[in-house]
file work.txt (compact mmCIF, C-alpha atoms)
# COMPACT_ATOMS: atom_id res chain seq x y z
CA MET R 1 4.57 10.45 30.19
CA ALA R 2 6.97 8.00 28.50
CA THR R 3 5.53 4.59 27.70
CA ASN R 4 7.67 1.49 28.04
CA PRO R 5 8.21 -0.18 24.65
CA PRO R 6 6.98 -3.75 24.16
CA THR R 7 9.45 -6.31 25.47
CA ASP R 8 8.42 -9.01 22.99
CA THR R 9 10.54 -8.41 19.89
CA THR R 10 9.98 -11.78 18.21
CA SER R 11 7.65 -10.27 15.61
CA GLY R 12 9.87 -7.33 14.70
CA LEU R 13 13.21 -5.63 15.09
CA GLY R 14 12.64 -4.42 18.62
CA ALA R 15 11.71 -0.91 17.53
CA GLY R 16 9.06 -0.60 20.23
CA LEU R 17 7.03 2.54 19.58
CA ILE R 18 7.27 4.20 16.16
CA TRP R 19 6.32 7.76 15.25
CA PHE R 20 4.00 7.14 12.27
CA ASP R 21 2.31 10.08 10.52
CA GLY R 22 1.96 11.98 13.79
CA ALA R 23 0.98 9.14 16.11
CA MET R 24 3.14 6.96 18.35
CA VAL R 25 2.20 3.35 17.56
CA PRO R 26 3.67 -0.10 18.39
CA GLU R 27 5.94 -1.56 15.73
CA ALA R 28 3.38 -4.27 14.87
CA GLU R 29 0.79 -1.59 14.04
CA ALA R 30 3.05 0.54 11.84
CA LYS R 31 1.87 -0.96 8.57
CA VAL R 32 1.87 0.11 4.92
CA SER R 33 0.13 -1.27 1.85
CA VAL R 34 1.89 -3.75 -0.43
CA LEU R 35 0.99 -1.29 -3.22
CA THR R 36 3.08 1.47 -1.66
CA HIS R 37 4.86 3.38 -4.42
CA ALA R 38 8.17 3.37 -2.51
CA LEU R 39 8.07 -0.41 -2.18
CA HIS R 40 7.88 -0.82 -5.97
CA TYR R 41 10.09 2.05 -7.16
CA GLY R 42 12.38 3.02 -4.29
CA THR R 43 10.76 6.46 -3.93
CA SER R 44 11.72 7.10 -0.33
CA VAL R 45 14.34 9.16 1.48
CA PHE R 46 15.81 8.36 4.85
CA GLU R 47 18.48 9.13 7.41
CA GLY R 48 20.65 7.13 9.77
CA ILE R 49 21.15 8.88 13.11
CA ARG R 50 22.46 7.80 16.49
CA ALA R 51 21.60 8.72 20.06
CA TYR R 52 24.38 8.10 22.57
CA ALA R 53 24.38 7.53 26.31
CA THR R 54 25.81 10.49 28.23
CA ASP R 55 25.89 11.57 31.87
CA ARG R 56 22.78 13.65 31.07
CA GLY R 57 20.88 10.78 29.48
CA ALA R 58 20.43 10.00 25.79
CA ALA R 59 21.69 12.63 23.34
CA VAL R 60 21.07 12.65 19.59
CA PHE R 61 24.24 13.41 17.64
CA ARG R 62 24.03 16.21 15.07
CA LEU R 63 20.25 16.00 14.93
CA ARG R 64 19.61 19.26 13.09
CA GLU R 65 22.05 18.43 10.27
CA HIS R 66 20.42 15.04 9.73
CA SER R 67 16.92 16.51 9.67
CA GLN R 68 18.01 19.16 7.19
CA ARG R 69 19.64 16.55 4.96
CA LEU R 70 16.46 14.46 5.04
CA LEU R 71 14.47 17.38 3.65
CA GLU R 72 17.19 18.16 1.11
CA SER R 73 17.01 14.54 -0.09
CA ALA R 74 13.25 14.90 -0.45
CA LYS R 75 13.64 18.11 -2.43
CA ILE R 76 16.08 16.46 -4.84
CA LEU R 77 13.46 13.75 -5.55
CA GLY R 78 10.81 16.40 -6.15
CA MET R 79 8.94 15.56 -2.97
CA LYS R 80 7.03 18.34 -1.22
CA PRO R 81 6.77 17.27 2.41
CA SER R 82 4.76 19.40 4.84
CA TRP R 83 7.05 18.60 7.77
CA THR R 84 9.59 21.23 8.80
CA VAL R 85 13.04 20.62 10.25
CA ASP R 86 11.65 21.50 13.68
CA VAL R 87 8.84 18.94 13.33
CA ILE R 88 11.30 16.24 12.27
CA ASP R 89 13.65 17.09 15.14
CA ARG R 90 10.76 16.90 17.61
CA ALA R 91 9.48 13.58 16.23
CA ILE R 92 12.94 12.04 16.56
CA VAL R 93 13.45 13.25 20.13
CA ASP R 94 9.94 12.17 21.13
CA THR R 95 10.47 8.67 19.71
CA VAL R 96 13.74 8.17 21.57
CA LYS R 97 12.07 9.46 24.74
CA ALA R 98 8.94 7.32 24.33
CA ASN R 99 11.07 4.18 24.06
CA GLU R 100 13.23 5.22 27.03
CA ARG R 101 16.38 4.27 25.19
CA PRO R 102 19.74 5.30 26.70
CA SER R 103 21.27 4.92 23.23
CA CYS R 104 19.98 3.75 19.87
CA TYR R 105 20.06 3.93 16.09
CA ILE R 106 17.38 6.19 14.62
CA ARG R 107 15.75 5.76 11.21
CA PRO R 108 13.48 8.54 9.90
CA LEU R 109 11.84 7.82 6.54
CA ILE R 110 9.69 9.80 4.11
CA TRP R 111 7.96 7.83 1.35
CA TYR R 112 5.23 7.86 -1.27
CA GLY R 113 2.11 5.85 -0.43
CA PRO R 114 -0.19 3.53 -2.43
CA GLU R 115 -2.65 5.86 -4.15
CA SER R 116 -1.25 5.14 -7.63
CA LEU R 117 1.02 2.42 -8.97
CA GLY R 118 2.10 4.40 -12.02
CA ILE R 119 5.69 5.58 -12.31
CA ASN R 120 4.73 9.22 -11.75
CA PRO R 121 4.08 9.70 -8.00
CA ALA R 122 2.14 12.98 -8.33
CA ARG R 123 -1.06 11.37 -7.01
CA ASN R 124 0.63 9.62 -4.09
CA GLN R 125 0.58 10.97 -0.56
CA LEU R 126 3.77 11.41 1.43
CA HIS R 127 4.20 9.64 4.76
CA PHE R 128 6.76 10.08 7.54
CA MET R 129 7.92 7.73 10.27
CA VAL R 130 10.67 7.54 12.88
CA ALA R 131 11.90 4.24 14.34
CA THR R 132 14.57 3.63 16.98
CA LEU R 133 16.51 0.39 17.37
CA PRO R 134 19.12 -1.09 19.68
CA TRP R 135 22.39 -0.89 17.78
CA GLY R 136 25.92 -2.01 18.46
CA VAL R 137 29.17 -1.82 16.51
CA TYR R 138 28.19 -1.90 12.83
CA LEU R 139 30.79 -4.31 11.47
CA GLY R 140 31.40 -6.00 14.82
CA GLU R 141 33.91 -5.54 17.62
CA GLU R 142 36.51 -7.72 15.89
CA ALA R 143 36.51 -5.55 12.76
CA VAL R 144 37.21 -2.49 14.89
CA ARG R 145 39.84 -4.19 17.05
CA LYS R 146 41.72 -5.86 14.20
CA GLY R 147 40.72 -3.63 11.30
CA ALA R 148 38.11 -4.40 8.65
CA ARG R 149 38.86 -6.21 5.38
CA LEU R 150 37.69 -4.43 2.23
CA MET R 151 37.19 -5.66 -1.31
CA THR R 152 36.96 -3.40 -4.35
CA SER R 153 33.52 -4.11 -5.73
CA SER R 154 32.78 -4.96 -9.34
CA TRP R 155 29.80 -2.60 -8.94
CA ARG R 156 30.65 1.05 -9.60
CA ARG R 157 29.07 3.82 -7.58
CA SER R 158 26.20 5.30 -9.57
CA SER R 159 27.12 8.53 -11.33
CA GLY R 160 25.30 11.79 -10.70
CA ASP R 161 23.80 11.87 -14.20
CA ILE R 162 22.17 8.48 -13.66
CA MET R 163 20.94 8.63 -10.05
CA PRO R 164 20.53 11.53 -7.60
CA THR R 165 23.61 10.68 -5.56
CA LYS R 166 23.30 13.65 -3.20
CA SER R 167 19.92 12.36 -2.04
CA LYS R 168 19.80 9.61 0.56
CA ALA R 169 17.10 7.94 -1.50
CA GLY R 170 15.97 4.36 -0.96
CA GLY R 171 16.38 3.39 -4.61
CA ASN R 172 20.04 4.46 -4.60
CA TYR R 173 20.87 1.79 -2.08
CA VAL R 174 20.36 -1.16 -4.42
CA ASN R 175 23.86 -0.18 -5.57
CA SER R 176 25.11 -0.47 -1.98
CA VAL R 177 23.27 -3.74 -1.32
CA LEU R 178 24.83 -5.38 -4.36
CA ALA R 179 28.33 -4.20 -3.47
CA ASN R 180 28.08 -5.17 0.19
CA SER R 181 26.58 -8.58 -0.61
CA GLU R 182 29.36 -9.28 -3.11
CA ALA R 183 32.00 -8.42 -0.52
CA ARG R 184 30.39 -10.52 2.20
CA GLU R 185 29.94 -13.52 -0.08
CA ASN R 186 33.65 -13.34 -0.89
CA GLY R 187 34.70 -13.33 2.77
CA PHE R 188 35.26 -9.59 3.27
CA ASP R 189 33.72 -7.22 5.81
CA GLU R 190 32.77 -4.41 3.47
CA ALA R 191 32.95 -3.17 -0.13
CA LEU R 192 34.97 -0.33 -1.58
CA LEU R 193 33.24 1.32 -4.55
CA LEU R 194 34.91 3.26 -7.35
CA ASP R 195 33.23 5.90 -9.47
CA LYS R 196 32.85 5.53 -13.24
CA GLU R 197 36.28 7.13 -13.82
CA GLY R 198 37.97 4.62 -11.49
CA PHE R 199 38.50 6.98 -8.56
CA VAL R 200 37.69 5.86 -5.03
CA ALA R 201 34.14 6.85 -4.13
CA GLU R 202 33.17 5.33 -0.78
CA GLY R 203 32.10 2.15 0.98
CA SER R 204 28.59 0.77 0.67
CA GLY R 205 27.55 3.22 3.38
CA GLU R 206 30.71 4.97 4.56
CA ASN R 207 33.10 7.74 3.54
CA ILE R 208 36.82 6.95 3.24
CA PHE R 209 39.89 8.63 4.80
CA PHE R 210 43.55 7.70 4.53
CA LEU R 211 46.71 8.78 6.34
CA LYS R 212 49.98 9.16 4.45
CA GLY R 213 53.17 10.78 5.74
CA GLY R 214 51.39 12.42 8.65
CA THR R 215 48.71 14.07 6.48
CA LEU R 216 45.08 12.99 6.64
CA TYR R 217 43.30 12.83 3.29
CA ALA R 218 39.52 12.81 2.84
CA ILE R 219 38.17 11.43 -0.43
CA ALA R 220 36.67 14.37 -2.28
CA HIS R 221 32.93 14.48 -2.74
CA SER R 222 32.02 13.61 -6.28
CA VAL R 223 29.18 11.10 -6.42
CA ASN R 224 29.34 10.60 -2.65
CA LEU R 225 26.57 11.58 -0.29
CA ARG R 226 27.45 14.63 1.80
CA GLY R 227 28.74 12.92 4.93
CA ILE R 228 27.82 14.33 8.33
CA THR R 229 30.23 11.95 10.09
CA ARG R 230 32.85 12.87 7.48
CA ASP R 231 32.39 16.53 8.38
CA THR R 232 32.69 15.65 12.07
CA VAL R 233 35.95 13.75 11.56
CA ILE R 234 37.43 16.58 9.49
CA GLN R 235 36.69 19.02 12.32
CA LEU R 236 38.13 16.65 14.92
CA ALA R 237 41.29 16.12 12.85
CA LYS R 238 41.85 19.86 12.44
CA ASP R 239 41.38 20.41 16.16
CA MET R 240 43.85 17.60 16.85
CA GLY R 241 46.40 19.46 14.74
CA THR R 242 46.51 16.88 11.96
CA PRO R 243 47.53 18.28 8.54
CA PHE R 244 44.52 17.74 6.30
CA GLU R 245 43.69 17.73 2.59
CA THR R 246 40.81 16.70 0.36
CA THR R 247 41.82 14.61 -2.65
CA MET R 248 40.70 12.42 -5.51
CA ALA R 249 42.45 9.06 -5.18
CA VAL R 250 42.71 5.79 -7.05
CA ARG R 251 42.74 2.57 -5.07
CA ASP R 252 46.52 2.19 -5.57
CA GLU R 253 46.95 5.13 -3.20
CA LEU R 254 44.94 3.37 -0.54
CA TYR R 255 47.08 0.24 -0.90
CA THR R 256 50.20 2.25 -0.03
CA ALA R 257 48.68 4.47 2.67
CA ASP R 258 49.94 4.29 6.23
CA GLU R 259 46.36 3.91 7.45
CA VAL R 260 42.85 3.83 5.99
CA PHE R 261 39.57 4.14 7.87
CA MET R 262 35.86 4.42 7.09
CA VAL R 263 33.38 6.75 8.74
CA GLY R 264 29.60 6.89 8.89
CA THR R 265 26.76 7.12 11.37
CA ALA R 266 26.50 3.33 11.57
CA ALA R 267 30.22 2.58 11.15
CA GLU R 268 31.33 5.53 13.32
CA VAL R 269 35.12 5.32 12.77
CA THR R 270 36.22 1.86 11.61
CA PRO R 271 39.91 1.11 10.88
CA ILE R 272 40.83 -0.80 7.72
CA ALA R 273 43.41 -3.61 7.94
CA SER R 274 43.44 -4.67 4.28
CA ILE R 275 42.02 -3.89 0.85
CA ASP R 276 41.86 -6.59 -1.81
CA ARG R 277 43.99 -8.78 0.49
CA ARG R 278 46.77 -6.19 0.52
CA PRO R 279 47.71 -5.17 4.07
CA ILE R 280 47.33 -1.48 4.85
CA GLY R 281 50.38 -0.37 6.83
CA ALA R 282 51.09 -3.13 9.30
CA GLY R 283 47.88 -4.91 8.33
CA VAL R 284 46.11 -4.10 11.60
CA ALA R 285 43.96 -1.30 12.95
CA GLY R 286 46.22 1.74 12.84
CA PRO R 287 47.00 3.91 15.89
CA TYR R 288 45.68 7.12 14.34
CA SER R 289 42.45 5.42 13.26
CA LEU R 290 41.92 4.07 16.77
CA ALA R 291 42.73 7.45 18.31
CA MET R 292 40.23 9.12 15.98
CA ARG R 293 37.59 6.55 16.90
CA GLU R 294 38.17 7.21 20.59
CA ARG R 295 37.98 10.98 20.05
CA TYR R 296 34.79 10.61 18.05
CA LEU R 297 33.14 8.45 20.71
CA GLU R 298 34.17 10.92 23.41
CA ALA R 299 32.47 13.71 21.44
CA THR R 300 29.30 11.69 20.93
CA ALA R 301 29.19 10.79 24.63
CA GLY R 302 29.32 14.45 25.67
CA LYS R 303 32.78 14.15 27.23
CA LEU R 304 34.30 16.99 25.20
CA PRO R 305 32.80 20.39 26.11
CA GLU R 306 33.91 22.00 22.84
CA TYR R 307 31.56 19.72 20.88
CA GLN R 308 28.45 20.06 23.04
CA ARG R 309 26.88 21.97 20.14
CA TRP R 310 26.56 18.66 18.27
CA LEU R 311 24.36 17.06 20.95
CA THR R 312 20.61 17.31 21.48
CA TYR R 313 19.74 15.98 24.93
CA VAL R 314 16.49 14.05 24.93
CA ALA R 315 15.62 14.94 28.53
CA ASP R 316 15.89 18.72 27.96
call {"tool": "encode", "arguments": {"input": "work.txt", "output": "structure tokens"}}
result
Amino acid sequence: MATNPPTDTTSGLGAGLIWFDGAMVPEAEAKVSVLTHALHYGTSVFEGIRAYATDRGAAVFRLREHSQRLLESAKILGMKPSWTVDVIDRAIVDTVKANERPSCYIRPLIWYGPESLGINPARNQLHFMVATLPWGVYLGEEAVRKGARLMTSSWRRSSGDIMPTKSKAGGNYVNSVLANSEARENGFDEALLLDKEGFVAEGSGENIFFLKGGTLYAIAHSVNLRGITRDTVIQLAKDMGTPFETTMAVRDELYTADEVFMVGTAAEVTPIASIDRRPIGAGVAGPYSLAMRERYLEATAGKLPEYQRWLTYVAD
């Protein structure tokens, strides 16, 4: 029997019930020690997932791929979690169901606990939680309607010989926080990060695509996290008949593109109007970017039968 989540969200984020080490507990009771290893050293791995409203109720988008990537991230950090992909899938579905959410953002997290404060986490226990939150348009409706404004960050994306960039590890995201904060403080919507060679890497939490001469280009994976939304958009573009290539690009090539857009679980498909105050194309959200966003949202809402395989219906 589903339990209604607490309606008083003044003391939290409105997460309601949280799956916490095997028990469903209210947000206010999902507590960790201030000596938690992950709090001090960033030794956690997480995912960002969405459930969308469909005519069959809430459906989690590409659940299995996200759960698999969570465990891959843990493996890269040397973690040895006891939870299987099936257990993670079930915990996510159960948390969405317990909170009776028609749609939401989902945050699963695996982290080292407080048993030892030394750098080496061998003595620390692993914990696992799943939270669900109300979630709207990541950068805001105006950024989607008009196109977002990007700034090339002074912070480079961490290289793979410095940080484990293929792991969605908590510690990695200090890099993203710094870049995003810099962009926001300078009046932009989001940051564009370059790798150490000066090639375009990604946004603070998004993969980058650009359209030039009718061909869609995806920025090649180098230091970038393996993008599940990126993979989705590539499949959609191919099915739409769009010529497609993967490429390494410098930011100059984005300046002169016909269109640029970002993709990610939170950002979905967000058009880019300008980079470093240079207009992209006409300096507004481009027609292909908007069409791709619409196609993506149709797929996530269960309106396209050919992509039903990407949906896990919570009520089933």
call {"tool": "atom_distance", "arguments": {"input": "work.txt", "atom1": "CA of Thr152 (chain R)", "atom2": "CA of Thr270 (chain R)"}}
result
16.8 Å
call {"tool": "closest_residue", "arguments": {"input": "work.txt", "among": "R:Pro114, R:Pro271, R:Pro287, R:Gly14", "to": "Leu139 (chain R)", "atoms": "only C-alpha atoms"}}
result
R:Pro271
call {"tool": "residues_around", "arguments": {"input": "work.txt", "residues": "Val93 (chain R)", "least_positions_apart": "5", "cutoff": "12 Å", "atoms": "only C-alpha atoms", "output": "MDAnalysis selection string"}}
result
chainID R and resid 2 18:19 49:51 58:61 63:64 67 86:88 98:101 103:104 106:108 130:132 311:316
call {"tool": "write_last_selection", "arguments": {"input": "work.txt", "atoms": "C-alpha atoms", "output": "PDB file, in the frame of the given file"}}
result
ATOM      1  CA  ALA R   2       6.970   8.000  28.500  1.00  0.00           C
ATOM      2  CA  ILE R  18       7.270   4.200  16.160  1.00  0.00           C
ATOM      3  CA  TRP R  19       6.320   7.760  15.250  1.00  0.00           C
ATOM      4  CA  ILE R  49      21.150   8.880  13.110  1.00  0.00           C
ATOM      5  CA  ARG R  50      22.460   7.800  16.490  1.00  0.00           C
ATOM      6  CA  ALA R  51      21.600   8.720  20.060  1.00  0.00           C
ATOM      7  CA  ALA R  58      20.430  10.000  25.790  1.00  0.00           C
ATOM      8  CA  ALA R  59      21.690  12.630  23.340  1.00  0.00           C
ATOM      9  CA  VAL R  60      21.070  12.650  19.590  1.00  0.00           C
ATOM     10  CA  PHE R  61      24.240  13.410  17.640  1.00  0.00           C
ATOM     11  CA  LEU R  63      20.250  16.000  14.930  1.00  0.00           C
ATOM     12  CA  ARG R  64      19.610  19.260  13.090  1.00  0.00           C
ATOM     13  CA  SER R  67      16.920  16.510   9.670  1.00  0.00           C
ATOM     14  CA  ASP R  86      11.650  21.500  13.680  1.00  0.00           C
ATOM     15  CA  VAL R  87       8.840  18.940  13.330  1.00  0.00           C
ATOM     16  CA  ILE R  88      11.300  16.240  12.270  1.00  0.00           C
ATOM     17  CA  ALA R  98       8.940   7.320  24.330  1.00  0.00           C
ATOM     18  CA  ASN R  99      11.070   4.180  24.060  1.00  0.00           C
ATOM     19  CA  GLU R 100      13.230   5.220  27.030  1.00  0.00           C
ATOM     20  CA  ARG R 101      16.380   4.270  25.190  1.00  0.00           C
ATOM     21  CA  SER R 103      21.270   4.920  23.230  1.00  0.00           C
ATOM     22  CA  CYS R 104      19.980   3.750  19.870  1.00  0.00           C
ATOM     23  CA  ILE R 106      17.380   6.190  14.620  1.00  0.00           C
ATOM     24  CA  ARG R 107      15.750   5.760  11.210  1.00  0.00           C
ATOM     25  CA  PRO R 108      13.480   8.540   9.900  1.00  0.00           C
ATOM     26  CA  VAL R 130      10.670   7.540  12.880  1.00  0.00           C
ATOM     27  CA  ALA R 131      11.900   4.240  14.340  1.00  0.00           C
ATOM     28  CA  THR R 132      14.570   3.630  16.980  1.00  0.00           C
ATOM     29  CA  LEU R 311      24.360  17.060  20.950  1.00  0.00           C
ATOM     30  CA  THR R 312      20.610  17.310  21.480  1.00  0.00           C
ATOM     31  CA  TYR R 313      19.740  15.980  24.930  1.00  0.00           C
ATOM     32  CA  VAL R 314      16.490  14.050  24.930  1.00  0.00           C
ATOM     33  CA  ALA R 315      15.620  14.940  28.530  1.00  0.00           C
ATOM     34  CA  ASP R 316      15.890  18.720  27.960  1.00  0.00           C
TER      35      ASP R 316
END
call {"tool": "residues_around", "arguments": {"input": "work.txt", "residues": "Pro164 (chain R)", "least_positions_apart": "2", "cutoff": "12 Å", "atoms": "all atoms listed in the file", "output": "list in words"}}
result
Thr43, Val45, Glu72, Ser73, Ala74, Lys75, Ile76, Leu77, Gly78, Arg157, Ser158, Ser159, Gly160, Asp161, Ile162, Lys166, Ser167, Lys168, Ala169, Gly170, Gly171, Asn172, Tyr173, Ser222, Val223, Asn224 and Leu225 of chain R
call {"tool": "atom_distance", "arguments": {"input": "work.txt", "atom1": "CA of Val34 (chain R)", "atom2": "CA of His127 (chain R)"}}
result
14.5 Å
call {"tool": "closest_residue", "arguments": {"input": "work.txt", "among": "R:Asp89, R:Glu206, R:Glu259, R:Glu27", "to": "Leu13 (chain R)", "atoms": "only C-alpha atoms"}}
result
R:Glu27
call {"tool": "closest_residue", "arguments": {"input": "work.txt", "among": "R:Phe199, R:Phe244, R:Phe188, R:Trp83", "to": "Lys212 (chain R)", "atoms": "all atoms listed in the file"}}
result
R:Phe244
call {"tool": "atom_distance", "arguments": {"input": "work.txt", "atom1": "CA of Ser154 (chain R)", "atom2": "CA of Leu254 (chain R)"}}
result
17.2 Å
call {"tool": "closest_residue", "arguments": {"input": "work.txt", "among": "R:Val200, R:Val137, R:Leu211, R:Ala183", "to": "Leu297 (chain R)", "atoms": "all atoms listed in the file"}}
result
R:Val137
call {"tool": "closest_residue", "arguments": {"input": "work.txt", "among": "R:Gly48, R:Glu182, R:Val25, R:Val250", "to": "Trp135 (chain R)", "atoms": "all atoms listed in the file"}}
result
R:Gly48
call {"tool": "closest_residue", "arguments": {"input": "work.txt", "among": "R:Asp231, R:Glu298, R:Asp94, R:Asp21", "to": "Val263 (chain R)", "atoms": "all atoms listed in the file"}}
result
R:Asp231
call {"tool": "decode", "arguments": {"input": "work.txt", "residues": "region 226-247 of chain R", "atoms": "N, CA, C and O atoms", "output": "PDB file, in the first residue's frame"}}
result
ATOM      1  N   ARG R 226      29.924   8.884 -19.734  1.00  0.00           N
ATOM      2  CA  ARG R 226      29.117   8.228 -20.767  1.00  0.00           C
ATOM      3  C   ARG R 226      27.671   8.671 -20.598  1.00  0.00           C
ATOM      4  O   ARG R 226      27.015   8.333 -19.632  1.00  0.00           O
ATOM      5  N   GLY R 227      27.162   9.419 -21.555  1.00  0.00           N
ATOM      6  CA  GLY R 227      25.856  10.050 -21.412  1.00  0.00           C
ATOM      7  C   GLY R 227      24.718   9.171 -21.884  1.00  0.00           C
ATOM      8  O   GLY R 227      24.685   8.770 -23.053  1.00  0.00           O
ATOM      9  N   ILE R 228      23.775   8.888 -21.003  1.00  0.00           N
ATOM     10  CA  ILE R 228      22.605   8.102 -21.380  1.00  0.00           C
ATOM     11  C   ILE R 228      21.645   8.946 -22.213  1.00  0.00           C
ATOM     12  O   ILE R 228      21.085   8.470 -23.210  1.00  0.00           O
ATOM     13  N   THR R 229      21.465  10.216 -21.857  1.00  0.00           N
ATOM     14  CA  THR R 229      20.653  11.109 -22.686  1.00  0.00           C
ATOM     15  C   THR R 229      21.336  11.346 -24.028  1.00  0.00           C
ATOM     16  O   THR R 229      20.665  11.414 -25.066  1.00  0.00           O
ATOM     17  N   ARG R 230      22.648  11.465 -24.036  1.00  0.00           N
ATOM     18  CA  ARG R 230      23.400  11.597 -25.287  1.00  0.00           C
ATOM     19  C   ARG R 230      23.118  10.416 -26.204  1.00  0.00           C
ATOM     20  O   ARG R 230      22.842  10.587 -27.396  1.00  0.00           O
ATOM     21  N   ASP R 231      23.167   9.218 -25.656  1.00  0.00           N
ATOM     22  CA  ASP R 231      22.876   8.024 -26.443  1.00  0.00           C
ATOM     23  C   ASP R 231      21.448   8.053 -26.976  1.00  0.00           C
ATOM     24  O   ASP R 231      21.187   7.672 -28.130  1.00  0.00           O
ATOM     25  N   THR R 232      20.517   8.524 -26.149  1.00  0.00           N
ATOM     26  CA  THR R 232      19.119   8.629 -26.568  1.00  0.00           C
ATOM     27  C   THR R 232      18.975   9.574 -27.749  1.00  0.00           C
ATOM     28  O   THR R 232      18.310   9.255 -28.749  1.00  0.00           O
ATOM     29  N   VAL R 233      19.609  10.741 -27.656  1.00  0.00           N
ATOM     30  CA  VAL R 233      19.490  11.749 -28.712  1.00  0.00           C
ATOM     31  C   VAL R 233      20.138  11.255 -30.005  1.00  0.00           C
ATOM     32  O   VAL R 233      19.611  11.492 -31.102  1.00  0.00           O
ATOM     33  N   ILE R 234      21.244  10.553 -29.911  1.00  0.00           N
ATOM     34  CA  ILE R 234      21.872   9.989 -31.110  1.00  0.00           C
ATOM     35  C   ILE R 234      20.910   9.023 -31.811  1.00  0.00           C
ATOM     36  O   ILE R 234      20.757   9.062 -33.041  1.00  0.00           O
ATOM     37  N   GLN R 235      20.249   8.170 -31.026  1.00  0.00           N
ATOM     38  CA  GLN R 235      19.296   7.231 -31.617  1.00  0.00           C
ATOM     39  C   GLN R 235      18.116   7.964 -32.241  1.00  0.00           C
ATOM     40  O   GLN R 235      17.668   7.626 -33.352  1.00  0.00           O
ATOM     41  N   LEU R 236      17.607   8.983 -31.551  1.00  0.00           N
ATOM     42  CA  LEU R 236      16.496   9.756 -32.102  1.00  0.00           C
ATOM     43  C   LEU R 236      16.897  10.445 -33.403  1.00  0.00           C
ATOM     44  O   LEU R 236      16.129  10.458 -34.378  1.00  0.00           O
ATOM     45  N   ALA R 237      18.099  11.033 -33.418  1.00  0.00           N
ATOM     46  CA  ALA R 237      18.563  11.738 -34.622  1.00  0.00           C
ATOM     47  C   ALA R 237      18.684  10.783 -35.804  1.00  0.00           C
ATOM     48  O   ALA R 237      18.278  11.113 -36.932  1.00  0.00           O
ATOM     49  N   LYS R 238      19.239   9.608 -35.576  1.00  0.00           N
ATOM     50  CA  LYS R 238      19.373   8.626 -36.656  1.00  0.00           C
ATOM     51  C   LYS R 238      18.007   8.218 -37.186  1.00  0.00           C
ATOM     52  O   LYS R 238      17.807   8.108 -38.399  1.00  0.00           O
ATOM     53  N   ASP R 239      17.060   8.012 -36.272  1.00  0.00           N
ATOM     54  CA  ASP R 239      15.716   7.610 -36.686  1.00  0.00           C
ATOM     55  C   ASP R 239      14.973   8.737 -37.393  1.00  0.00           C
ATOM     56  O   ASP R 239      14.050   8.488 -38.171  1.00  0.00           O
ATOM     57  N   MET R 240      15.367   9.978 -37.125  1.00  0.00           N
ATOM     58  CA  MET R 240      14.786  11.127 -37.807  1.00  0.00           C
ATOM     59  C   MET R 240      15.424  11.359 -39.167  1.00  0.00           C
ATOM     60  O   MET R 240      15.024  12.260 -39.903  1.00  0.00           O
ATOM     61  N   GLY R 241      16.455  10.569 -39.485  1.00  0.00           N
ATOM     62  CA  GLY R 241      17.130  10.697 -40.768  1.00  0.00           C
ATOM     63  C   GLY R 241      18.172  11.789 -40.825  1.00  0.00           C
ATOM     64  O   GLY R 241      18.606  12.200 -41.907  1.00  0.00           O
ATOM     65  N   THR R 242      18.628  12.261 -39.674  1.00  0.00           N
ATOM     66  CA  THR R 242      19.635  13.315 -39.619  1.00  0.00           C
ATOM     67  C   THR R 242      21.026  12.725 -39.829  1.00  0.00           C
ATOM     68  O   THR R 242      21.411  11.809 -39.097  1.00  0.00           O
ATOM     69  N   PRO R 243      21.791  13.210 -40.811  1.00  0.00           N
ATOM     70  CA  PRO R 243      23.199  12.770 -40.921  1.00  0.00           C
ATOM     71  C   PRO R 243      23.922  13.051 -39.602  1.00  0.00           C
ATOM     72  O   PRO R 243      23.755  14.125 -39.014  1.00  0.00           O
ATOM     73  N   PHE R 244      24.729  12.097 -39.159  1.00  0.00           N
ATOM     74  CA  PHE R 244      25.306  12.180 -37.823  1.00  0.00           C
ATOM     75  C   PHE R 244      26.771  11.780 -37.830  1.00  0.00           C
ATOM     76  O   PHE R 244      27.173  10.838 -38.509  1.00  0.00           O
ATOM     77  N   GLU R 245      27.576  12.505 -37.043  1.00  0.00           N
ATOM     78  CA  GLU R 245      28.977  12.164 -36.841  1.00  0.00           C
ATOM     79  C   GLU R 245      29.378  12.472 -35.401  1.00  0.00           C
ATOM     80  O   GLU R 245      28.777  13.331 -34.747  1.00  0.00           O
ATOM     81  N   THR R 246      30.396  11.766 -34.939  1.00  0.00           N
ATOM     82  CA  THR R 246      31.030  12.078 -33.661  1.00  0.00           C
ATOM     83  C   THR R 246      32.338  12.802 -33.959  1.00  0.00           C
ATOM     84  O   THR R 246      33.058  12.428 -34.894  1.00  0.00           O
ATOM     85  N   THR R 247      32.654  13.845 -33.201  1.00  0.00           N
ATOM     86  CA  THR R 247      33.829  14.646 -33.525  1.00  0.00           C
ATOM     87  C   THR R 247      34.470  15.237 -32.271  1.00  0.00           C
ATOM     88  O   THR R 247      33.812  15.411 -31.244  1.00  0.00           O
TER      89      THR R 247
END
